[in-house]
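Written below as structure tokens is the structure these notes are about.
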There are 2 protein chains.
Amino acid sequence: MTAKKSPSHPPEAAVTIGLAQMEVLPGEPARNGARMLELIAEARGKGIALLAFPEMCLPGYLLGDMWERPAFLRECEAWSERIVAATGLPGVAPIAIVFGTVIPDWDHLGEDGRVRKYNGYIAAKDGKAIRHPGLDRPYGIKTLLPNYREFEEPRHFHDARKLALETGRPLESLLEPFTLDLDGRECRLGVLLCEDAWEDDYVQKPFEILGRKRCDFLLNLSCSPFTQGKNEKRNRMFSRKVADLGVPLFYVNCVSLQNNGKTLYTFDGRSTAYGADGSVRTEMPAYAQDVLPVSVEWRGGKADIAAGSSGAGAEAPGNPAKRRIAEIHQALRYGAQSFLASMGQDRVVIGVSGGIDSAVAAALYREFLPPQNLLLVNMPSRFNSNTTRNLAKELAANLGCLYTEISIEESLAVTKAQLDGLEITSTDGERFAAISLAGFVMENVQARDRSSRILAALSASFGGVFTCNANKAELTVGYSTLYGDLGGYLALLGDLWKSEVYALGRHLNEEVFRREVIPEGAFTIVPSAELSESQAVDEGKGDPLIYPYHDRLFFSWVQRWNRATAEEILAWYAAGTLNAELGLEGVDVNDLFPNAPAFIRDLERWWNLYNGIGVAKRVQAPPILAVSSRAFGFDHREALGRSFYSSRYLKLREELLAGPRKA
Amino acid sequence: MTAKKSPSHPPEAAVTIGLAQMEVLPGEPARNGARMLELIAEARGKGIALLAFPEMCLPGYLLGDMWERPAFLRECEAWSERIVAATGLPGVAPIAIVFGTVIPDWDHLGEDGRVRKYNGYIAAKDGKAIRHPGLDRPYGIKTLLPNYREFEEPRHFHDARKLALETGRPLESLLEPFTLDLDGRECRLGVLLCEDAWEDDYVQKPFEILGRKRCDFLLNLSCSPFTQGKNEKRNRMFSRKVADLGVPLFYVNCVSLQNNGKTLYTFDGRSTAYGADGSVRTEMPAYAQDVLPVSVEWRGGKADIAAGSSGAGAEAPGNPAKRRIAEIHQALRYGAQSFLASMGQDRVVIGVSGGIDSAVAAALYREFLPPQNLLLVNMPSRFNSNTTRNLAKELAANLGCLYTEISIEESLAVTKAQLDGLEITSTDGERFAAISLAGFVMENVQARDRSSRILAALSASFGGVFTCNANKAELTVGYSTLYGDLGGYLALLGDLWKSEVYALGRHLNEEVFRREVIPEGAFTIVPSAELSESQAVDEGKGDPLIYPYHDRLFFSWVQRWNRATAEEILAWYAAGTLNAELGLEGVDVNDLFPNAPAFIRDLERWWNLYNGIGVAKRVQAPPILAVSSRAFGFDHREALGRSFYSSRYLKLREELLAGPRKA
């Protein structure tokens with residue numbers, strides 16, 4: 001049943017709805033509350049009849065277990081009361097508001113045995129919270145609580161489904177629009193909180209239920225983190241549903257940086273008004289802190305977004321791949337800047353190797369840091385080529401920031417002299433073994449010397465932090481040294497595959513700085529840790545990771561919806577479909593590995609690292625700024641353990657190793 | 001309605017139930033399944049009619065997001081089928097089994113949009129899974145999914161409540177006992193999975209519902225991690241409920257070490273048989289891998305545990321405080337040993353300072369490591385006293401293990417020469433600042449030199465791992481150096497308050513080794529990092545933490561049920577009830593702080609560290625072995641952010657600072 005627009009009717013009335021795309025500071029109700037009071041005061045002057053705030057705009061959203069502190073809940077409650085009261089000031093223009101916040105129910109317990117809490121919303125006018133007709137309480141509550149990826153709402157919040165089950169009432173009866181006088185017109189508003197409108201995977205459908213209850217319009221108050229492709233998906237899904245229901249919808253999302261300790265998320269706003277026909281009528285820019293007034297008018301008794309409000313909802317220019325990198329860039333920039341600000345930090349030290357990862361990190365930070373607040377450090381040993389040393393220096397010159405070179409040779413000599421050949425004995429002098437610093441042990445000594453000795457001390461004295469420049473491919477298999485290049489305050493590029501780091505580098509040169517700040521050599525040189533003679537870049541030797549093959553292989557383990565394991569990979573290899581399954585373009589896996597034994601050796605090497613030492617390293621890795629559909633940390637959860645090989649894998653492996661692979 | 005025992009009736013029949021307290025290897029269905037097949041074969045020879053396995057004994061339980069791998073689910077399913085088939089071998093004694101495992105429902109989706117999964121159980125006999133009469137499926141499913149502390153079952157599993165809501169059937173109708181022929185007697189078995197029997201905080205009560213459905217006996221299959229005091233709580237709760245229902249209950253728990261990446265849990269077994277009167281009739285020892293046969297007999301048509309099975313359920317000897325430390329010790333020992341084994345490691349390097357934490361860690365590892373596999377390293381600078389150096393050496397001599405001393409002076413001199421006074425310039429030579437290594441910067445240089453330079457290289461060459469010896473008080477406020485003493489493969493003592501570390505040390509000397517392996521001086525010396533002249537132990541100078549006051553203060557923030565914040569602490573201080581609220585004995589907070597400003601200064605110092613840099617350090621800290629009611633990591637979740645001070649705190653603070661505190 002699709003409701004048709006009736007353009008032939010003259011407009012009967014119009015009211016202005018304000019979408020308050022505010023910046024939310026997680027865990028700071030006093031600062032968020034004060035900002036809300038300012039926005040309410042400003043909105044009165046703009047003729048806004050209803051100001052809609054995002055979900056959880058008062059407390060913040062990703063707060064760990066902060067919800068278990070009664071003092072925090074009381075503080076949020078006190079601020080809710082002040083905000084409700086602010087709609088009732090005598091002698092000023094009336095205004096209605098709706099905002100998302102935590103609602104403690106002190107008389108009931110949640111299933112954790114603590115005070116019951118709802119992810120809820122309050123609609124208020126004339127200084128009073130409006131009673132929700134379905135709940136008969138002065139607030140509404142969320143129905144669908146996401147519990148995947150970084151989300152864990154049911155850990156803390158009760159919801160409408162549990163309430164329905166325990167009261168024996170049908171869920172439908174709990175979901176009701178409420179009635180609000182806006183500029184003299186009785187309006188029926190249906191309010192959904194974020195996931196309530198992402199109902200596809202749930203048996204219960206709040207969007208559908210509420211949308212069928214004769215609403216004038218729907219609000220979706222959200223606290224929705226940025227993920228690549230999510231806004232496009234939302235527009236497709238919401239547009240279809242809105243068109244089906246024939247009721248206009250306002251999506252109000254916050255701007256924010258919030259975290260689960262291990263993983264940081266940006267909230268990109270992009271608040272959107274959908275007309276009754278499902279079309280995107282206006283859309284706010286990413287990460288912009290602003291209030292957007294949107295006019296709603298009635299024709300033939302049906303509400304819709306007024307014509308004048310349309311046209312602003314354009315997609316960013318460029319092809320999809322470029323749009324994607326531009327979005328990632330926005331998220332990283334907002335995220336890094338906000339994270340530093342949240343810690344009261346404004347100086348950054350970056351160890352620059354001459355390679356692409358550290359170069360991209362340096363350029364990103366230089367975007368918002370003044371040159372004297374950014375210090376690049378090159379720390380050569382005898383294994384570092386002049387090629388990379390010059391690239392590092394050139395980068396610093398291009399960015400105009402601070403730069404220094406500190407050799408690690410002398411310190412390595414001390415360590416070598418102290419430990420290499422050291423006799424280990426029991427206290428009664430019995431000799432047990434001699435220590436030898438060779439091979440990968442000595443490689444790691446170099447990496448730790450750089451980060452734990454030099455960068456940590458340098459950044460502390462400089463009054464700032466130092467960065468971790470690891471990318472997602474390296475993090476997947478632990479191809480970095482713990483307390484070495486895996487150290488740092490934040491892994492800003494830790495959710496980017498190597499190919500995305502390159503693309504971001506191009507984007508920075510071409511679209512952001514519009515000149516070559518990252519030297520061309522950083523793009524073209526072979527990626528190398530330069531920790532031994534076997535990694536000499538000038539001889540074309542470098543890391544054992546083969547891009548883009550390993551990027552795509554690791555992607556299939558981490559980000560593929562039906563997550564691949566060694567079993568699927570080997571089955572596809574045997575079936576000759578691996579190139580297609582991984583989405584490899586211009587690369588043939590059969591060119592990379594001469595035969596099945598070589599393929600299996602490589603597969604098991606990285607699969608074991610991913611499931612083994614890779615997990616152990618990620619446990620102690622810095623926080624990661626999430627931009628993908630699956631980021632390491634609280635999004636992609638994992639346990640320390642052994643590699644999993646299924647019986648089917650082992651059987652197939654045996655078959656493949658027994659005979660030559662059939663072409 | 002309490003069912004009475006009828007001792008006057010003669011026994012009518014008896015069957016033997018086997019409680020299979022097996023060791024579960026997380027994520028290894030093939031190894032667990034093979035072990036189950038062995039146990040089933042052995043049980044046949046012992047006349048066991050029904051062998052009951054723990055919850056999730058096939059896949060394991062704490063597996064991160066491993067549940068999202070279809071290959072893993074298929075492997076578990078295939079093993080379930082083999083195990084069911086094993087009950088039907090021709091020509092051998094019949095046996096029934098019940099075991100917990102993951103049940104994929106490939107035809108339906110869960111709320112994460114992935115294949116639906118249940119935390120379920122399968123009862124089988126004669127090679128066939130028995131149909132569950134409530135579900136009409138060949139398995140039963142869990143009703144209550146815990147979602148607090150380290151638990152996050154609803155993230156992955158569907159449950160009986162959701163099924164009731166979506167099918168419109170009352171929950172009661174889904175929870176049914178099933179009927180099983182045991183030695184020729186038709187028995188009605190009610191099966192609960194772990195949390196199903198911990199129903200107090202839930203509106204729905206599976207224990208009550210199932211227990212009222214004329215069961216002969218109840219089974220509670222569990223995968224329940226060790227936590228201090230949990231077994232006592234279980235016995236109180238289960239005994240009361242069983243007595244009320246008048247139905248005997250078997251609690252079957254696994255032995256295991258499982259983890260969420262950041263936090264490790266031991267599963268202590270302690271499988272228990274409760275008689276129909278609620279009494280504990282027999283209980284298996286902690287961490288013992290064994291099958292306990294328990295005889296059930298019928299008198300007057302009522303089943304109960306046979307008299308001969310009673311008497312084994314004694315509490316461990318000693319006073320409660322000693323029992324508690326003994327339990328912690330068991331958990332740490334099993335945990336450390338299993339964790340090393342799971343990584344294929346058998347050599348450990350420990351940096352020993354002469355203080356209590358590293359000494360306790362060394363003694364613990366020495367319990368199960370041969371002397372030549374344990375290497376203690378003392379790494380003095382000029383700030384280290386002969387007192388502590390001698391204590392470290394004495395410890396190694398007492399333990400008979402390997403020992404070496406490596407000075408950090410030379411390396412510190414290199415770092416000082418390279419960095420202290422270093423001029424920082426831009427690439428065009430403009431001078432910006434000079435680096436200075438002084439104060440806490442130089443203290444941290446020392447700590448990092450020890451761990452990241454020496455211990456990391458030494459342990460790699462030695463072929464082992466090095467430990468983190470931080471305790472919970474230090475972890476709470478980040479009183480340790482990142483990449484320094486906070487480095488290591490595991491923080492074995494990271495869930496023990498300082499007072500518990502001392503008590504554990506006494507326990508090791510007195511009850512475990514029964515001689516002074518930890519030198520008395522390690523107990524009596526002032527705790528000190530010895531990183532500067534201001535921390536000279538021989539002058540009684542040491543760490544700024546005041547024990548036991550700060551232990552108890554931090555406990556109130558981390559482990560108190562209604563978690564205290566700065567607000568509660570200050571309110572209690574003002575009201576004169578702080579000593580009592582914190583449970584301080586023999587210490588008066590007014591003796592520690594001369595006045596309100598001094599008290600507030602100390603409170604805010606640690607509160608800010610706990611909420612600020614402490615969180616950042618914990619994000620990069622090693623895994624912690626959990627033994628308390630709240631361990632850092634996946635149990636105590638937290639976000640990076642600012643300290644929270646409520647309006648009420650700020651008001652009270654202002655009042656207290658304005659005038660002298662009233663006595």
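Chain lettering (A, B, ...) mirrors the order of the structure tokens, residue numbering begins at 1 for each chain separately, and ligand numbering begins at 1 in order of display.
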**OP:** Please identify which residues in segment 61-200 of chain B DSSP calls strand (DSSP E) from the backbone, and express them as a ChimeraX atom specification.
**Re:** /B:96-109,115-125,128-129,140-141,178-182,185-193
May I have the residues from that selection written out with C-alpha atoms, as a short mmCIF file (atom, residue, chain, number, x, y, z; two decimals), in the first residue's frame?
data_model
loop_
_atom_site.label_atom_id
_atom_site.label_comp_id
_atom_site.auth_asym_id
_atom_site.auth_seq_id
_atom_site.Cartn_x
_atom_site.Cartn_y
_atom_site.Cartn_z
CA ALA B 96 22.61 -42.69 27.23
CA ILE B 97 24.39 -39.37 27.06
CA VAL B 98 23.54 -35.73 27.27
CA PHE B 99 25.99 -33.06 26.19
CA GLY B 100 26.02 -29.35 25.52
CA THR B 101 27.06 -27.97 22.15
CA VAL B 102 26.31 -25.32 19.57
CA ILE B 103 23.26 -26.11 17.45
CA PRO B 104 23.19 -24.31 14.09
CA ASP B 105 19.75 -23.81 12.57
CA TRP B 106 20.73 -23.34 8.92
CA ASP B 107 17.19 -22.51 7.85
CA HIS B 108 16.80 -19.46 10.05
CA LEU B 109 18.75 -16.32 10.71
CA VAL B 115 22.90 -18.40 10.51
CA ARG B 116 20.90 -18.90 13.68
CA LYS B 117 22.71 -20.71 16.48
CA TYR B 118 21.57 -22.07 19.81
CA ASN B 119 23.48 -22.83 22.94
CA GLY B 120 21.84 -26.23 23.18
CA TYR B 121 22.11 -29.80 24.33
CA ILE B 122 21.59 -33.19 22.77
CA ALA B 123 20.34 -36.25 24.65
CA ALA B 124 21.05 -39.49 22.82
CA LYS B 125 20.65 -43.23 23.17
CA LYS B 128 19.79 -41.52 18.00
CA ALA B 129 19.21 -38.04 19.35
CA GLY B 140 17.03 -28.67 23.63
CA ILE B 141 18.02 -25.02 23.89
CA PHE B 178 12.27 -35.56 28.10
CA THR B 179 11.78 -39.24 28.77
CA LEU B 180 14.66 -41.67 28.62
CA ASP B 181 14.90 -45.37 29.32
CA LEU B 182 17.69 -45.88 31.86
CA ARG B 185 13.17 -47.48 33.87
CA GLU B 186 11.40 -44.62 32.13
CA CYS B 187 13.00 -41.50 33.59
CA ARG B 188 11.92 -37.91 33.17
CA LEU B 189 14.98 -35.63 32.90
CA GLY B 190 14.85 -31.88 33.06
CA VAL B 191 17.91 -30.29 31.50
CA LEU B 192 19.01 -26.76 32.31
CA LEU B 193 21.99 -25.06 30.74
#
For segment 212-223 of chain A, find every residue with an atom within 8 Å (counting only C-alpha atoms), except residues of its own chain fewer than 6 positions away, and show them as a JSON list (two decimals) with C-alpha atoms, in the first residue's frame.
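Everything below was put into around.json:
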[["chain", "number", "residue", "atom", "x", "y", "z"],
["A", 52, "ALA", "CA", 14.98, 16.75, 17.17],
["A", 53, "PHE", "CA", 18.21, 15.59, 18.81],
["A", 54, "PRO", "CA", 20.10, 12.34, 18.19],
["A", 55, "GLU", "CA", 19.87, 9.12, 20.18],
["A", 56, "MET", "CA", 21.81, 9.11, 23.48],
["A", 57, "CYS", "CA", 22.87, 12.70, 22.89],
["A", 61, "TYR", "CA", 26.74, 5.89, 23.70],
["A", 99, "PHE", "CA", 15.93, 13.77, 22.43],
["A", 100, "GLY", "CA", 17.50, 10.40, 23.10],
["A", 176, "GLU", "CA", 2.52, 4.14, 19.60],
["A", 177, "PRO", "CA", 2.97, 7.56, 18.08],
["A", 187, "CYS", "CA", 0.67, 16.13, 14.95],
["A", 188, "ARG", "CA", 1.16, 12.42, 15.36],
["A", 189, "LEU", "CA", 4.86, 11.62, 15.65],
["A", 190, "GLY", "CA", 6.31, 8.14, 15.49],
["A", 191, "VAL", "CA", 9.74, 7.95, 17.07],
["A", 192, "LEU", "CA", 12.22, 5.19, 16.26],
["A", 193, "LEU", "CA", 15.62, 4.86, 17.85],
["A", 194, "CYS", "CA", 18.37, 3.90, 15.40],
["A", 195, "GLU", "CA", 18.22, 0.06, 15.10],
["A", 197, "ALA", "CA", 14.48, 1.24, 11.68],
["A", 245, "LEU", "CA", 4.54, 3.64, 4.22],
["A", 247, "VAL", "CA", 5.12, 8.87, 5.68],
["A", 248, "PRO", "CA", 8.03, 11.32, 5.65],
["A", 249, "LEU", "CA", 10.99, 10.45, 7.89],
["A", 250, "PHE", "CA", 13.69, 12.48, 9.57],
["A", 251, "TYR", "CA", 16.95, 10.73, 10.37],
["A", 252, "VAL", "CA", 18.97, 12.62, 12.98],
["A", 253, "ASN", "CA", 22.46, 11.34, 13.71],
["A", 254, "CYS", "CA", 25.14, 12.84, 15.92],
["A", 267, "PHE", "CA", 29.80, 9.23, 14.01],
["A", 302, "LYS", "CA", -1.13, 14.44, 4.43],
["A", 303, "ALA", "CA", 2.18, 15.73, 5.68],
["A", 304, "ASP", "CA", 5.26, 15.92, 3.49]]
Subject >> Selection near Glu297 of chain B, 12 Å with only C-alpha atoms, sequence-local residues under 6 positions removed, as a PyMOL selection string >> reply: chain B and resi 5-7+9-17+182-183+185+187+216-217+248+275-276+303-309
With C-alpha atoms kept, could you save the residues just selected as a short mmCIF file (atom, residue, chain, number, x, y, z; two decimals), in the first residue's frame?
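Saved as result.cif:
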data_model
loop_
_atom_site.label_atom_id
_atom_site.label_comp_id
_atom_site.auth_asym_id
_atom_site.auth_seq_id
_atom_site.Cartn_x
_atom_site.Cartn_y
_atom_site.Cartn_z
CA LYS B 5 12.14 -37.69 51.45
CA SER B 6 10.64 -41.07 52.25
CA PRO B 7 13.44 -43.03 53.90
CA HIS B 9 10.46 -47.03 51.53
CA PRO B 10 12.82 -49.75 50.32
CA PRO B 11 14.77 -48.80 47.20
CA GLU B 12 12.95 -49.91 44.04
CA ALA B 13 15.63 -49.44 41.46
CA ALA B 14 18.93 -47.69 40.98
CA VAL B 15 20.79 -46.26 38.03
CA THR B 16 24.23 -44.73 37.84
CA ILE B 17 24.71 -41.26 36.43
CA LEU B 182 17.69 -45.88 31.86
CA ASP B 183 18.34 -49.52 32.75
CA ARG B 185 13.17 -47.48 33.87
CA CYS B 187 13.00 -41.50 33.59
CA ASP B 216 12.88 -37.60 38.27
CA PHE B 217 15.94 -35.45 38.36
CA PRO B 248 17.67 -34.06 42.92
CA GLY B 275 19.98 -34.62 46.98
CA ALA B 276 16.22 -34.08 46.82
CA ALA B 303 14.13 -40.52 42.86
CA ASP B 304 16.99 -39.42 45.07
CA ILE B 305 20.73 -39.78 45.24
CA ALA B 306 21.62 -43.08 46.90
CA ALA B 307 22.94 -42.90 50.44
CA GLY B 308 26.35 -44.29 49.50
CA SER B 309 27.12 -41.31 47.30
#
Original post:
Quick one, how far is atom CA of Val558 of chain B from atom CA of Phe634 of chain B?
Top reply: 13.3 Å
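Minimum atom-to-atom distances from B:Asp196, B:Asp201, B:Glu581, B:Glu150 to chain A were compared using only C-alpha atoms, and the lowest value belongs to B:Asp201.
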**OP:** DSSP on the backbone, then: every residue of segment 158-298 of chain B marked helix (DSSP H, G or I), written as a PyMOL selection string.
**Re:** chain B and resi 160-167+171-174+194-197+206-211+230-245
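When only C-alpha atoms are used to compute distances to Arg270 of chain B, the closest of the residues B:Leu19, B:Ala598, B:Ala456, B:Leu62 turns out to be B:Leu19.
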